[in-house]
file query.cif (mmCIF, C-alpha atoms)
data_target
#
loop_
_atom_site.label_atom_id
_atom_site.label_comp_id
_atom_site.auth_asym_id
_atom_site.auth_seq_id
_atom_site.Cartn_x
_atom_site.Cartn_y
_atom_site.Cartn_z
CA MET B 1 26.22 -5.33 2.13
CA SER B 2 23.38 -2.80 2.41
CA ASP B 3 22.51 -1.18 5.72
CA LEU B 4 18.86 -1.96 6.45
CA LEU B 5 18.70 0.37 9.45
CA TYR B 6 16.77 3.61 8.98
CA SER B 7 18.97 6.53 8.03
CA GLU B 8 18.76 9.93 9.70
CA VAL B 9 17.00 11.30 6.63
CA GLU B 10 14.46 8.48 6.74
CA GLU B 11 13.78 9.07 10.44
CA ASP B 12 13.27 12.80 9.79
CA LEU B 13 10.86 11.93 7.01
CA ARG B 14 9.02 9.53 9.32
CA ALA B 15 8.66 12.23 11.96
CA SER B 16 7.19 14.70 9.46
CA VAL B 17 4.72 12.20 8.04
CA ARG B 18 3.71 10.93 11.48
CA ASP B 19 3.12 14.47 12.72
CA LEU B 20 0.94 15.16 9.69
CA PHE B 21 -1.16 12.04 10.22
CA THR B 22 -1.41 12.63 13.97
CA ASP B 23 -2.67 16.15 13.37
CA ARG B 24 -4.87 15.61 10.33
CA ALA B 25 -5.88 11.92 10.47
CA PRO B 26 -6.42 10.85 14.09
CA ALA B 27 -8.42 7.67 14.61
CA SER B 28 -11.61 9.61 15.40
CA ALA B 29 -11.39 11.53 12.12
CA VAL B 30 -10.67 8.41 10.07
CA LEU B 31 -13.63 6.63 11.66
CA ALA B 32 -15.93 9.57 11.00
CA ARG B 33 -14.81 9.78 7.39
CA THR B 34 -15.70 6.11 6.73
CA GLU B 35 -19.34 7.04 7.35
CA SER B 36 -19.29 10.13 5.16
CA ALA B 37 -19.77 10.70 1.45
CA GLU B 38 -16.03 11.45 1.12
CA PRO B 39 -14.08 8.44 2.41
CA TYR B 40 -10.79 9.85 1.07
CA ASP B 41 -9.23 12.93 2.61
CA LEU B 42 -8.04 14.68 -0.54
CA LYS B 43 -6.87 17.78 1.33
CA LEU B 44 -4.61 15.55 3.41
CA TRP B 45 -3.44 13.83 0.22
CA ARG B 46 -2.51 17.13 -1.39
CA THR B 47 -0.49 18.06 1.68
CA LEU B 48 1.23 14.69 1.81
CA ALA B 49 1.85 14.46 -1.93
CA GLY B 50 2.66 18.08 -2.70
CA GLU B 51 3.86 19.93 0.39
CA LEU B 52 5.72 16.99 1.95
CA GLY B 53 6.69 15.65 -1.47
CA ALA B 54 5.74 12.02 -0.78
CA ALA B 55 4.34 11.47 -4.28
CA GLY B 56 7.64 12.35 -5.92
CA LEU B 57 10.08 10.57 -3.65
CA ALA B 58 10.93 7.81 -6.14
CA VAL B 59 10.83 10.09 -9.19
CA PRO B 60 14.14 11.51 -10.51
CA GLU B 61 14.70 15.24 -10.07
CA GLU B 62 14.86 15.83 -13.81
CA LEU B 63 11.28 14.53 -14.01
CA GLY B 64 9.95 16.75 -11.24
CA GLY B 65 10.55 14.43 -8.30
CA HIS B 66 12.92 14.43 -5.36
CA GLY B 67 15.37 11.80 -6.58
CA ALA B 68 15.10 9.67 -3.44
CA SER B 69 14.34 5.95 -3.58
CA ALA B 70 11.99 3.18 -2.58
CA ARG B 71 13.53 3.20 0.90
CA GLU B 72 12.13 6.65 1.64
CA LEU B 73 8.80 5.83 0.01
CA ALA B 74 8.61 2.68 2.16
CA VAL B 75 8.86 4.84 5.30
CA VAL B 76 5.85 6.85 4.12
CA LEU B 77 3.93 3.62 3.43
CA GLU B 78 4.79 2.39 6.91
CA GLU B 79 3.39 5.53 8.52
CA ALA B 80 0.32 5.41 6.26
CA GLY B 81 -0.32 1.86 7.49
CA ARG B 82 0.18 2.94 11.07
CA ALA B 83 -2.53 5.59 10.61
CA VAL B 84 -4.69 3.64 8.10
CA ALA B 85 -4.59 6.98 6.31
CA PRO B 86 -7.46 7.49 3.83
CA VAL B 87 -5.25 8.70 0.96
CA PRO B 88 -4.56 7.21 -2.51
CA LEU B 89 -0.87 6.65 -1.77
CA LEU B 90 -0.65 3.07 -3.01
CA GLY B 91 -2.58 3.67 -6.21
CA SER B 92 -0.89 6.91 -7.26
CA ALA B 93 2.60 7.25 -5.72
CA VAL B 94 3.40 3.54 -5.91
CA LEU B 95 1.53 1.62 -8.63
CA ALA B 96 0.81 4.31 -11.24
CA THR B 97 4.14 6.08 -10.76
CA SER B 98 6.12 2.83 -10.89
CA ALA B 99 4.43 1.85 -14.14
CA LEU B 100 5.33 5.21 -15.69
CA LEU B 101 8.93 5.02 -14.47
CA ALA B 102 9.25 1.65 -16.22
CA CYS B 103 8.13 3.18 -19.53
CA ASP B 104 10.38 5.29 -21.73
CA THR B 105 10.64 8.47 -19.65
CA GLY B 106 12.11 10.24 -22.66
CA GLU B 107 8.65 10.22 -24.25
CA ALA B 108 6.84 13.53 -23.71
CA VAL B 109 3.55 12.00 -22.55
CA VAL B 110 5.29 9.82 -19.94
CA ALA B 111 7.43 12.67 -18.64
CA GLU B 112 4.44 15.00 -18.45
CA LEU B 113 2.40 12.53 -16.41
CA LEU B 114 5.30 11.77 -14.09
CA ARG B 115 5.74 15.47 -13.35
CA ALA B 116 2.03 15.85 -12.62
CA LEU B 117 1.91 12.83 -10.31
CA ALA B 118 5.19 13.71 -8.55
CA SER B 119 4.00 17.22 -7.75
CA GLY B 120 0.64 16.05 -6.45
CA GLU B 121 -1.07 18.11 -9.13
CA ARG B 122 -2.74 14.94 -10.43
CA THR B 123 -3.61 11.59 -8.88
CA GLY B 124 -3.22 8.33 -10.75
CA ALA B 125 -4.23 4.68 -10.49
CA LEU B 126 -3.09 1.50 -12.21
CA ALA B 127 -6.17 -0.04 -13.82
CA VAL B 128 -5.78 -3.66 -12.76
CA PRO B 129 -7.70 -5.52 -10.05
CA LEU B 130 -5.97 -4.98 -6.70
CA SER B 131 -5.63 -8.76 -6.37
CA THR B 132 -3.34 -8.94 -9.44
CA TRP B 133 0.03 -10.43 -8.52
CA PRO B 134 3.53 -10.09 -9.97
CA GLY B 135 3.94 -12.71 -12.66
CA ALA B 136 0.27 -12.75 -13.63
CA ALA B 137 -0.56 -12.86 -17.32
CA PHE B 138 -1.01 -9.50 -19.05
CA PRO B 139 -4.71 -8.62 -18.67
CA GLU B 140 -6.95 -8.79 -21.72
CA THR B 141 -10.13 -7.25 -20.30
CA VAL B 142 -9.53 -4.00 -22.21
CA GLN B 143 -9.21 -3.97 -25.99
CA VAL B 144 -7.70 -1.12 -28.00
CA ARG B 145 -8.05 -0.26 -31.67
CA ASP B 146 -6.75 2.93 -33.28
CA GLY B 147 -6.06 4.42 -29.85
CA VAL B 148 -9.64 3.90 -28.60
CA LEU B 149 -10.20 1.67 -25.54
CA ASN B 150 -13.16 -0.52 -24.63
CA GLY B 151 -13.54 -2.86 -21.68
CA ARG B 152 -14.09 -3.20 -17.96
CA ILE B 153 -11.68 -3.61 -15.05
CA GLY B 154 -13.03 -4.63 -11.66
CA LEU B 155 -11.83 -3.69 -8.18
CA VAL B 156 -9.22 -1.06 -9.02
CA ALA B 157 -7.66 0.56 -5.96
CA ASP B 158 -8.00 4.36 -5.65
CA ALA B 159 -9.62 4.63 -9.09
CA SER B 160 -12.56 6.73 -7.91
CA VAL B 161 -10.29 9.65 -6.97
CA ALA B 162 -7.81 9.29 -9.83
CA ASP B 163 -7.45 11.99 -12.46
CA VAL B 164 -5.65 9.62 -14.81
CA LEU B 165 -5.63 5.86 -15.22
CA ILE B 166 -2.72 3.78 -16.46
CA VAL B 167 -4.55 1.09 -18.43
CA PRO B 168 -3.09 -2.19 -19.74
CA ALA B 169 -4.80 -2.95 -23.04
CA SER B 170 -4.55 -5.60 -25.74
CA GLY B 171 -4.72 -4.77 -29.42
CA PRO B 172 -3.83 -6.10 -32.86
CA ASP B 173 -0.15 -5.34 -32.26
CA GLY B 174 0.00 -6.88 -28.78
CA PRO B 175 -0.04 -5.55 -25.20
CA ALA B 176 0.25 -1.83 -24.50
CA LEU B 177 -0.14 0.72 -21.73
CA TYR B 178 -2.33 3.78 -22.20
CA ALA B 179 -3.09 6.89 -20.17
CA VAL B 180 -6.83 7.47 -19.94
CA ASP B 181 -8.72 10.47 -18.57
CA GLY B 182 -12.35 9.72 -19.39
CA ALA B 183 -13.33 6.47 -17.67
CA THR B 184 -16.58 5.71 -15.82
CA PHE B 185 -16.33 4.53 -12.20
CA ALA B 186 -18.69 2.56 -9.97
CA GLU B 187 -17.77 2.20 -6.31
CA ALA B 188 -17.42 -1.42 -5.25
CA THR B 189 -18.10 -2.78 -1.79
CA SER B 190 -14.75 -3.00 -0.06
CA LEU B 191 -13.88 -4.67 3.23
CA ASP B 192 -11.31 -1.93 3.82
CA LEU B 193 -13.21 1.27 4.55
CA THR B 194 -10.09 3.41 4.18
CA ARG B 195 -8.98 2.20 0.74
CA ARG B 196 -11.82 2.13 -1.72
CA LEU B 197 -12.14 -0.04 -4.81
CA ALA B 198 -14.00 0.81 -7.98
CA ASP B 199 -15.09 -0.94 -11.15
CA VAL B 200 -13.85 0.93 -14.21
CA THR B 201 -15.71 0.96 -17.53
CA LEU B 202 -14.20 2.21 -20.78
CA GLU B 203 -16.54 2.81 -23.72
CA ASN B 204 -14.84 4.24 -26.79
CA VAL B 205 -12.45 6.22 -24.62
CA PRO B 206 -9.36 7.67 -26.34
CA GLY B 207 -6.03 6.90 -24.73
CA ARG B 208 -2.49 8.19 -25.00
CA LEU B 209 0.09 5.50 -25.70
CA LEU B 210 2.68 5.10 -22.93
CA ALA B 211 4.34 1.82 -23.88
CA GLY B 212 3.95 -0.54 -26.81
CA PRO B 213 4.33 -4.32 -27.08
CA GLU B 214 8.09 -4.21 -26.53
CA ARG B 215 7.78 -2.60 -23.10
CA ALA B 216 4.21 -2.76 -21.75
CA ALA B 217 4.38 -6.17 -20.06
CA GLU B 218 7.72 -5.33 -18.46
CA ALA B 219 6.39 -2.00 -17.15
CA LEU B 220 3.30 -3.63 -15.67
CA GLU B 221 5.38 -6.35 -14.02
CA ARG B 222 7.70 -3.74 -12.51
CA ALA B 223 4.74 -1.82 -11.11
CA LEU B 224 3.27 -4.95 -9.54
CA LEU B 225 6.62 -5.99 -8.04
CA THR B 226 7.14 -2.51 -6.62
CA GLY B 227 3.61 -2.39 -5.26
CA ALA B 228 3.86 -5.80 -3.59
CA GLY B 229 7.28 -4.95 -2.16
CA LEU B 230 6.26 -1.60 -0.69
CA LEU B 231 2.94 -2.97 0.55
CA ALA B 232 5.04 -4.96 3.03
CA SER B 233 6.03 -1.69 4.71
CA GLU B 234 2.38 -0.69 5.04
CA GLN B 235 1.69 -4.06 6.64
CA VAL B 236 4.53 -3.49 9.10
CA GLY B 237 3.00 -0.14 10.02
CA ILE B 238 -0.36 -1.81 10.68
CA ALA B 239 1.25 -4.48 12.84
CA GLN B 240 3.34 -1.97 14.80
CA TRP B 241 0.30 0.16 15.65
CA CYS B 242 -1.63 -2.89 16.79
CA LEU B 243 1.25 -4.04 19.00
CA ASP B 244 1.88 -0.60 20.50
CA GLU B 245 -1.79 0.08 21.25
CA THR B 246 -2.32 -3.35 22.75
CA VAL B 247 0.72 -3.12 25.02
CA ALA B 248 -0.44 0.32 26.20
CA TYR B 249 -3.95 -0.99 26.85
CA VAL B 250 -3.00 -4.06 28.88
CA LYS B 251 -0.80 -1.89 31.09
CA GLN B 252 -3.77 0.26 32.13
CA ARG B 253 -6.57 -2.32 32.12
CA TYR B 254 -6.93 -3.79 35.61
CA GLN B 255 -8.45 -7.09 36.63
CA PHE B 256 -8.32 -8.69 40.09
CA GLY B 257 -6.46 -5.62 41.32
CA ARG B 258 -3.56 -5.82 38.86
CA PRO B 259 -2.87 -4.82 35.25
CA VAL B 260 -3.88 -7.58 32.84
CA GLY B 261 -0.55 -7.07 31.13
CA SER B 262 1.15 -8.57 34.19
CA PHE B 263 -0.48 -11.97 33.51
CA GLN B 264 2.10 -14.42 32.21
CA ALA B 265 -0.05 -15.72 29.36
CA LEU B 266 -0.52 -12.23 27.91
CA LYS B 267 3.17 -11.44 28.31
CA HIS B 268 4.04 -14.48 26.22
CA ARG B 269 1.51 -13.63 23.50
CA LEU B 270 2.75 -10.07 23.18
CA ALA B 271 6.39 -11.15 23.26
CA ASP B 272 5.71 -13.58 20.42
CA LEU B 273 3.93 -10.84 18.49
CA TYR B 274 6.87 -8.48 19.03
CA LEU B 275 9.24 -11.03 17.50
CA GLU B 276 6.91 -11.44 14.51
CA VAL B 277 6.81 -7.68 13.95
CA VAL B 278 10.60 -7.36 14.19
CA THR B 279 11.04 -10.15 11.65
CA ALA B 280 8.45 -8.62 9.33
CA ARG B 281 10.19 -5.25 9.53
CA ALA B 282 13.49 -6.85 8.51
CA THR B 283 11.93 -8.43 5.41
CA ALA B 284 10.15 -5.18 4.50
CA ARG B 285 13.37 -3.18 4.84
CA ASN B 286 15.18 -5.76 2.73
CA VAL B 287 12.73 -5.51 -0.15
CA ALA B 288 12.67 -1.70 0.02
CA ASP B 289 16.48 -1.72 -0.22
CA ALA B 290 16.33 -4.21 -3.10
CA LEU B 291 13.93 -1.93 -4.96
CA ALA B 292 16.16 1.07 -4.30
CA ASN B 293 19.34 -0.63 -5.47
CA GLY B 294 17.98 -2.83 -8.26
CA THR B 295 19.37 -6.16 -7.08
CA ASP B 296 19.04 -9.34 -9.11
CA ASP B 297 17.17 -10.99 -6.24
CA LEU B 298 14.26 -8.53 -6.27
CA GLY B 299 11.67 -11.23 -7.02
CA ILE B 300 12.90 -13.30 -4.08
CA ALA B 301 12.87 -10.28 -1.75
CA VAL B 302 9.29 -9.41 -2.75
CA ALA B 303 8.06 -12.99 -2.31
CA VAL B 304 9.72 -13.34 1.10
CA ALA B 305 8.36 -10.01 2.34
CA GLN B 306 4.79 -10.68 1.26
CA SER B 307 4.89 -14.24 2.54
CA ALA B 308 5.79 -12.89 5.99
CA CYS B 309 4.34 -9.41 6.39
CA ALA B 310 0.78 -10.10 5.26
CA ALA B 311 0.27 -12.80 7.88
CA VAL B 312 1.93 -10.75 10.64
CA ALA B 313 -0.33 -7.76 10.01
CA VAL B 314 -3.45 -9.91 10.21
CA HIS B 315 -2.25 -11.69 13.36
CA ALA B 316 -1.36 -8.40 15.05
CA ALA B 317 -4.79 -6.95 14.28
CA GLU B 318 -6.53 -10.08 15.56
CA GLU B 319 -4.51 -9.98 18.78
CA ALA B 320 -5.29 -6.29 19.22
CA ILE B 321 -9.03 -6.87 18.99
CA GLN B 322 -8.99 -9.88 21.29
CA LEU B 323 -6.70 -8.40 23.95
CA HIS B 324 -8.63 -5.15 24.01
CA GLY B 325 -11.58 -7.18 25.28
CA GLY B 326 -15.07 -5.80 24.81
CA ILE B 327 -13.96 -2.36 23.65
CA GLY B 328 -11.95 -3.92 20.84
CA MET B 329 -15.14 -5.35 19.34
CA THR B 330 -16.90 -1.99 19.08
CA TRP B 331 -17.24 0.25 16.04
CA GLU B 332 -15.99 3.23 18.05
CA HIS B 333 -12.57 1.67 18.61
CA PRO B 334 -10.36 1.85 15.48
CA ALA B 335 -9.02 -1.71 15.81
CA HIS B 336 -11.53 -2.99 13.25
CA LEU B 337 -10.13 -0.58 10.65
CA TYR B 338 -6.70 -2.15 11.08
CA LEU B 339 -8.05 -5.68 10.81
CA LYS B 340 -9.95 -4.77 7.65
CA ARG B 341 -6.90 -3.07 6.10
CA ALA B 342 -4.71 -6.05 7.08
CA LYS B 343 -7.12 -8.61 5.60
CA SER B 344 -7.51 -6.56 2.43
CA ASP B 345 -3.75 -6.18 2.11
CA GLU B 346 -3.39 -9.93 2.53
CA LEU B 347 -5.32 -10.37 -0.73
CA ALA B 348 -3.75 -7.40 -2.51
CA LEU B 349 -1.05 -7.91 -5.16
CA GLY B 350 -0.86 -11.63 -4.48
CA THR B 351 -1.81 -13.73 -1.47
CA PRO B 352 0.92 -15.14 0.83
CA GLY B 353 0.31 -18.57 -0.67
CA ARG B 354 0.84 -17.29 -4.19
CA HIS B 355 4.04 -15.52 -3.14
CA ARG B 356 5.32 -18.67 -1.43
CA ALA B 357 4.67 -20.61 -4.62
CA ALA B 358 6.56 -17.97 -6.59
CA LEU B 359 9.41 -18.13 -4.08
CA ALA B 360 9.66 -21.89 -4.46
CA GLY B 361 10.11 -21.49 -8.20
CA LEU B 362 12.66 -18.72 -7.81
CA VAL B 363 14.89 -20.77 -5.50
CA ASP B 364 14.28 -24.10 -7.28
CA LEU B 365 12.32 -25.78 -4.52
CA PRO B 366 9.81 -28.44 -5.61
CA LEU B 367 6.19 -27.68 -4.71
#
call {"tool": "encode", "arguments": {"input": "query.cif", "output": "structure tokens"}}
result
Amino acid sequence: MSDLLYSEVEEDLRASVRDLFTDRAPASAVLARTESAEPYDLKLWRTLAGELGAAGLAVPEELGGHGASARELAVVLEEAGRAVAPVPLLGSAVLATSALLACDTGEAVVAELLRALASGERTGALAVPLSTWPGAAFPETVQVRDGVLNGRIGLVADASVADVLIVPASGPDGPALYAVDGATFAEATSLDLTRRLADVTLENVPGRLLAGPERAAEALERALLTGAGLLASEQVGIAQWCLDETVAYVKQRYQFGRPVGSFQALKHRLADLYLEVVTARATARNVADALANGTDDLGIAVAVAQSACAAVAVHAAEEAIQLHGGIGMTWEHPAHLYLKRAKSDELALGTPGRHRAALAGLVDLPL
């Protein structure tokens, strides 16, 4: 049986990432950046991806990575959620990298891109709508003929800061994955101010073939499963921050001469929330371990984690705003950033309802 507790190495990694975010992405800086022309902190991303090596954690050493696993990458996602860090971690280090790892890494173009993404030299994005779920049909919005791509993909996460797109395309021979450098982007209106979405347009853009019909659908499915599974860790990080900040606030906020946290009703609400967060963490750790070890029950682990963690993150953010009282409703307090990230994550890579439906099919339960 796998040990789902954090290892010493994982805790050391957490400490390094948390220190970086505390120093370079405090709440005040993240809030200020949402109102600027540069919502992403690309200097922070280069430090996280390159100097700390977060982008290459799941990439084998022979391909320029660190040869770790999804467990370590999940810890980074958790801390990114805790800080609502404005970096393209999900799009590049998770979705794009996972798609490439599921291709034939012996191919020169795949290996070259993996090395560039793992080092932080380049940033990638998987060109599918962020709402795409594991098990969805292979997209047909992009057509390819003779290596030239045409089409449009809406609401792609982190696309506006990506140097390379991993594009699913349909052609005469069937589905395929291509690497594309010359796409046109249009920023979309996103509820989450710290993870931007963009509409991608391809007009006679040449692409480099990464996977043909025999492997493209499988690679895309693996990327979506990995993304949905690791997103659970980000959701745990959101929920943990909301719980910690709310507990700290109700201890220092006085009413009728006593801390509001001493009121029995609030104690019960926060105790219930604590139990939800602990349960969510267990499911997130389980799916990260399943991704690391390649278990046969990966689909079940992903569906369970997303069914639980998405709702817990939203509930924690809602409780944080309500229990912070008036200050929690202001723009100056960062609680709204966590609610927006939690609600956006709830729709990303499959809603809880869709994952519950998938889970029912996987364990042979009638709907």
call {"tool": "residues_near_point", "arguments": {"input": "query.cif", "point": "(-17.1, 1.2, -6.4)", "cutoff": "12 Å", "atoms": "only C-alpha atoms", "output": "PyMOL selection string"}}
result
chain B and resi 39+153-161+184-191+193+195-201
call {"tool": "atom_distance", "arguments": {"input": "query.cif", "atom1": "CA of Tyr40 in chain B", "atom2": "CA of Ala85 in chain B"}}
result
8.6 Å
call {"tool": "resolve_selection", "arguments": {"input": "query.cif", "expression": "the PyMOL selection byres ((chain B and resi 27) around 9)", "output": "ChimeraX atom specification"}}
result
/B:22,25-26,28-32,83-84,333-334
call {"tool": "residues_near_point", "arguments": {"input": "query.cif", "point": "(11.7, 12.4, -10.4)", "cutoff": "12 Å", "atoms": "all atoms listed in the file", "output": "JSON, numbers by chain"}}
result
{"B": [53, 54, 55, 56, 57, 58, 59, 60, 61, 62, 63, 64, 65, 66, 67, 68, 69, 93, 97, 98, 100, 101, 105, 110, 111, 112, 113, 114, 115, 116, 117, 118, 119]}
call {"tool": "closest_atom_pairs", "arguments": {"input": "query.cif", "of": "range 263-302 of chain B", "to": "range 250-257 of chain B", "cutoff": "10 Å", "atoms": "only C-alpha atoms", "output": "Markdown table"}}
result
| residue | atom | partner | partner_atom | distance |
| --- | --- | --- | --- | --- |
| B:Phe263 | CA | B:Val250 | CA | 9.5 |
| B:Leu266 | CA | B:Val250 | CA | 8.6 |
| B:Lys267 | CA | B:Val250 | CA | 9.6 |
call {"tool": "closest_residue", "arguments": {"input": "query.cif", "among": "B:Gly227, B:Gly50, B:Gly135, B:Pro206", "to": "Ala96 in chain B", "atoms": "only C-alpha atoms"}}
result
B:Gly227
call {"tool": "resolve_selection", "arguments": {"input": "query.cif", "expression": "the PyMOL selection byres ((chain B and resi 344-357) around 8)", "output": "ChimeraX atom specification"}}
result
/B:130-134,191-192,224,227-228,231,235,303-304,306-308,310-311,314,340-343,358-361,367
call {"tool": "residues_around", "arguments": {"input": "query.cif", "residues": "Glu214 in chain B", "least_positions_apart": "3", "cutoff": "12 Å", "atoms": "all atoms listed in the file", "output": "MDAnalysis selection string"}}
result
chainID B and resid 102:104 173:177 210:211 217:220
call {"tool": "resolve_selection", "arguments": {"input": "query.cif", "expression": "the PyMOL selection byres ((chain B and resi 162) around 9)", "output": "JSON, numbers by chain"}}
result
{"B": [88, 91, 92, 122, 123, 124, 125, 158, 159, 160, 161, 163, 164, 165, 181]}
call {"tool": "atom_distance", "arguments": {"input": "query.cif", "atom1": "CA of Leu275 in chain B", "atom2": "CA of Ala292 in chain B"}}
result
25.9 Å
call {"tool": "atom_distance", "arguments": {"input": "query.cif", "atom1": "CA of Val205 in chain B", "atom2": "CA of Gly106 in chain B"}}
result
25.0 Å
call {"tool": "closest_residue", "arguments": {"input": "query.cif", "among": "B:Ala37, B:Ala282, B:Leu337, B:Val302", "to": "Thr194 in chain B", "atoms": "all atoms listed in the file"}}
result
B:Leu337
call {"tool": "closest_residue", "arguments": {"input": "query.cif", "among": "B:Asp19, B:Glu79, B:Asp12, B:Glu121", "to": "Trp45 in chain B", "atoms": "all atoms listed in the file"}}
result
B:Glu121
call {"tool": "closest_residue", "arguments": {"input": "query.cif", "among": "B:Ala335, B:Leu202, B:Ala70, B:Val287", "to": "Gln322 in chain B", "atoms": "all atoms listed in the file"}}
result
B:Ala335
call {"tool": "closest_residue", "arguments": {"input": "query.cif", "among": "B:Glu319, B:Glu203, B:Glu10, B:Glu140", "to": "Ala239 in chain B", "atoms": "all atoms listed in the file"}}
result
B:Glu319
call {"tool": "closest_residue", "arguments": {"input": "query.cif", "among": "B:Asp146, B:Asp364, B:Glu11, B:Asp272", "to": "Glu72 in chain B", "atoms": "all atoms listed in the file"}}
result
B:Glu11
call {"tool": "residues_around", "arguments": {"input": "query.cif", "residues": "Leu323 in chain B", "least_positions_apart": "3", "cutoff": "12 Å", "atoms": "all atoms listed in the file", "output": "list in words"}}
result
Cys242, Leu243, Glu245, Thr246, Val247, Ala248, Tyr249, Val250, Lys251, Arg253, Val260, Gly261, Phe263, Ala265, Leu266, Lys267, Arg269, Leu270, His315, Ala316, Ala317, Glu318, Glu319, Ala320, Gly326, Ile327, Gly328, Met329 and Ala335 of chain B
